[in-house]
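Trainee: Below: one structure in structure tokens.
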Amino acid sequence: MANKHILIVEDEPKLADILAKYLAQAEFTSYCVLDGALAEEAFKKQQPALILLDLMLPNVDGIEICKRIRAYSNVPIVMITARVEEVDRLLGLEIGADDYICKPYSPKEVVARVKAILRRVALNQKGQISELESKLKLDEETLFASFLNAKVALTHVEFMLLKAMYGHPSRIYSRDALMDQIYDDSHIVSDRTIDSHIKKIRKKLHSIAPEHEFIHSIYGAGYKFEAHIS
């Protein structure tokens with residue numbers, strides 16, 4: 001049986017209780033933690049399928065908790081925040097969150113996000129991705145991307161950016177997170193540089209798959225890879 005247990009780390013008891021009730025209606029079980037200092041211990045004991053993690057917590061904040069858990073686990077983590085300016089950090093590779101939800105939120109939306117993420121995790125574990133996504137192939141030795149019988153050459157930077165997003169379908173990557181994929185030193189790179197690279201990648205993918213869209217802009221957050229018919 002699939003793990004349907006959710007760890008809720010939220011210091012507002014009423015919000016935690018509401019989330020737990022909505023999750024229960026969707027046939028999930030849950031366990032609530034109100035103090036950041038208790039979150040990691042609860043994670044180890046509960047072994048949840050996913051963590052709903054509030055950013056602002058007493059004693060240990062959500063970012064620190066996420067960093068600690070990411071050091072040894074790939075469990076999906078959805079950050080909950082009222083601070084929109086933190087979105088880039090939450091989605092950065094140095095933090096490792098899989099998604100974020102801004103307060104105020106709809107509990108139904110939270111449950112929908114949880115279902116979507118766990119469905120994607122299950123497919124990835126089975127080695128299954130969408131039919132469209134499976135047709136796009138990346139060859140790291142030649143830096144070619146191919147779709148059916150067509151292929152196109154990418155630069156090293158373009159290939160690394162596409163590879164990062166391709167490896168985690170539907171995950172939203174901030175520009176800072178994408179910068180970390182292509183620069184391993186202290187390069188100072190503007191957001192426009194990433195946008196320029198993404199524009200070129202889209203153009204090249206369009207040349208081999210004109211009826212499909214693979215990279216999508218998420219307003220105020222960054223980019224994600226998800227194959228759609230245009």
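How things are named: the first chain in the structure tokens is A, the next is B, and so on; residues count from 1 in each chain; ligands count from 1 in the order shown.
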Env of Gly36 in chain A: 7 Å cut, atoms = only C-alpha atoms, seq-sep filter 4 positions within chain, self excluded. Answer as a ChimeraX atom specification.

Mentor: /A:57-61

Trainee: Contacts of Ser30 in chain A at 9 Å or less, counting only C-alpha atoms, minus same-chain residues fewer than 4 places along, as a VMD selection string?

Mentor: chain A and resid 4 to 8 19 to 21 23 to 24 48

Trainee: Could you jot down the CA of Ala177 in chain A to CA of Asp35 in chain A separation for me, Å, one decimal place?

Mentor: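 Result for CA of Ala177 in chain A versus CA of Asp35 in chain A: 28.1 Å, one decimal.
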
Trainee: Which is closer to Ala122 in chain A than all the others in A:Ala49, A:Glu64, A:Leu138, A:His156, using only C-alpha atoms?

Mentor: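 Among the listed residues, A:Ala49 lies closest to Ala122 in chain A.
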
Trainee: Between CA of Ala221 in chain A and CA of Asp176 in chain A, what is the spacing in Å?

Mentor: 10.2 Å

Trainee: Taking only C-alpha atoms into account, name the residue in A:Phe225, A:Tyr22, A:Gly220, A:Asp139 that is nearest to Glu109 in chain A.

Mentor: A:Tyr22

Trainee: Please identify all polymer residues within 10 Å of Lys137 in chain A, counting only C-alpha atoms, omitting same-chain residues fewer than 3 positions from it, and present them as a PyMOL selection string.

Mentor: chain A and resi 133-134+140+144-148+151+163+166

Trainee: Using CA of Tyr100 in chain A and CA of Met79 in chain A as the two end points, give the distance in Å to one decimal.

Mentor: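 According to the coordinates, CA of Tyr100 in chain A and CA of Met79 in chain A are separated by 4.5 Å.
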
Trainee: Any idea what's packed within 10 Å of Thr142 in chain A, counting only C-alpha atoms, ignoring anything in its chain fewer than 5 positions away? Could you give it as a list of chain:residue names?

Mentor: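 Here the answer would be A:Ala153, A:Leu154, A:Thr155, A:His156, A:Phe159.
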
Trainee: Can you list, as a PyMOL selection string, every protein, DNA or RNA residue that comes within 9 Å of range 70-72 of chain A when you count only C-alpha atoms, leaving out same-chain residues fewer than 4 positions away?

Mentor: chain A and resi 65-66+95-97

Trainee: How would you write, as an NGL selection string, the set of residues in range 5-155 of chain A that DSSP gives as alpha helix (DSSP H)?

Mentor: :A and (13-25 or 39-46 or 62-70 or 87-91 or 107-125 or 131-135)

Trainee: Of the residues A:Gln47, A:Tyr223, A:Ile172, A:Val152, which is the one nearest to Ser207 in chain A, using only C-alpha atoms?

Mentor: A:Val152

Trainee: If DSSP is run on the backbone, what residues of range 39-125 of chain A are strand (DSSP E or B)? A reply as a compact mmCIF listing (two decimals) with N, CA and C atoms, in the first residue's frame would be ideal.

Mentor:
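So the final result, stored in states05.txt, reads:
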```
# COMPACT_ATOMS: atom_id res chain seq x y z
N LEU A 50 5.31 12.84 2.63
CA LEU A 50 5.50 14.25 2.25
C LEU A 50 5.42 15.12 3.50
N ILE A 51 6.11 16.25 3.44
CA ILE A 51 6.10 17.20 4.56
C ILE A 51 5.50 18.52 4.10
N LEU A 52 4.51 19.02 4.83
CA LEU A 52 4.01 20.37 4.66
C LEU A 52 4.71 21.21 5.73
N LEU A 53 5.60 22.10 5.31
CA LEU A 53 6.52 22.75 6.23
C LEU A 53 6.37 24.26 6.20
N ASP A 54 5.89 24.82 7.30
CA ASP A 54 5.74 26.27 7.40
C ASP A 54 7.12 26.92 7.50
N ILE A 77 9.05 17.95 -0.02
CA ILE A 77 8.82 18.99 0.99
C ILE A 77 8.12 20.17 0.31
N VAL A 78 6.96 20.53 0.84
CA VAL A 78 6.21 21.68 0.34
C VAL A 78 6.29 22.78 1.40
N MET A 79 6.92 23.88 1.06
CA MET A 79 7.05 24.99 2.00
C MET A 79 5.80 25.85 1.97
N ILE A 80 5.39 26.31 3.14
CA ILE A 80 4.24 27.20 3.27
C ILE A 80 4.73 28.52 3.83
N THR A 81 4.46 29.60 3.11
CA THR A 81 5.01 30.89 3.52
C THR A 81 4.06 32.04 3.25
N ASP A 99 8.19 22.36 -3.70
CA ASP A 99 7.12 23.25 -4.11
C ASP A 99 6.87 24.23 -2.96
N TYR A 100 6.05 25.24 -3.23
CA TYR A 100 5.70 26.18 -2.17
C TYR A 100 4.26 26.60 -2.33
N ILE A 101 3.67 27.02 -1.21
CA ILE A 101 2.31 27.53 -1.20
C ILE A 101 2.31 28.80 -0.37
N CYS A 102 1.70 29.85 -0.90
CA CYS A 102 1.68 31.13 -0.19
C CYS A 102 0.40 31.28 0.62
```
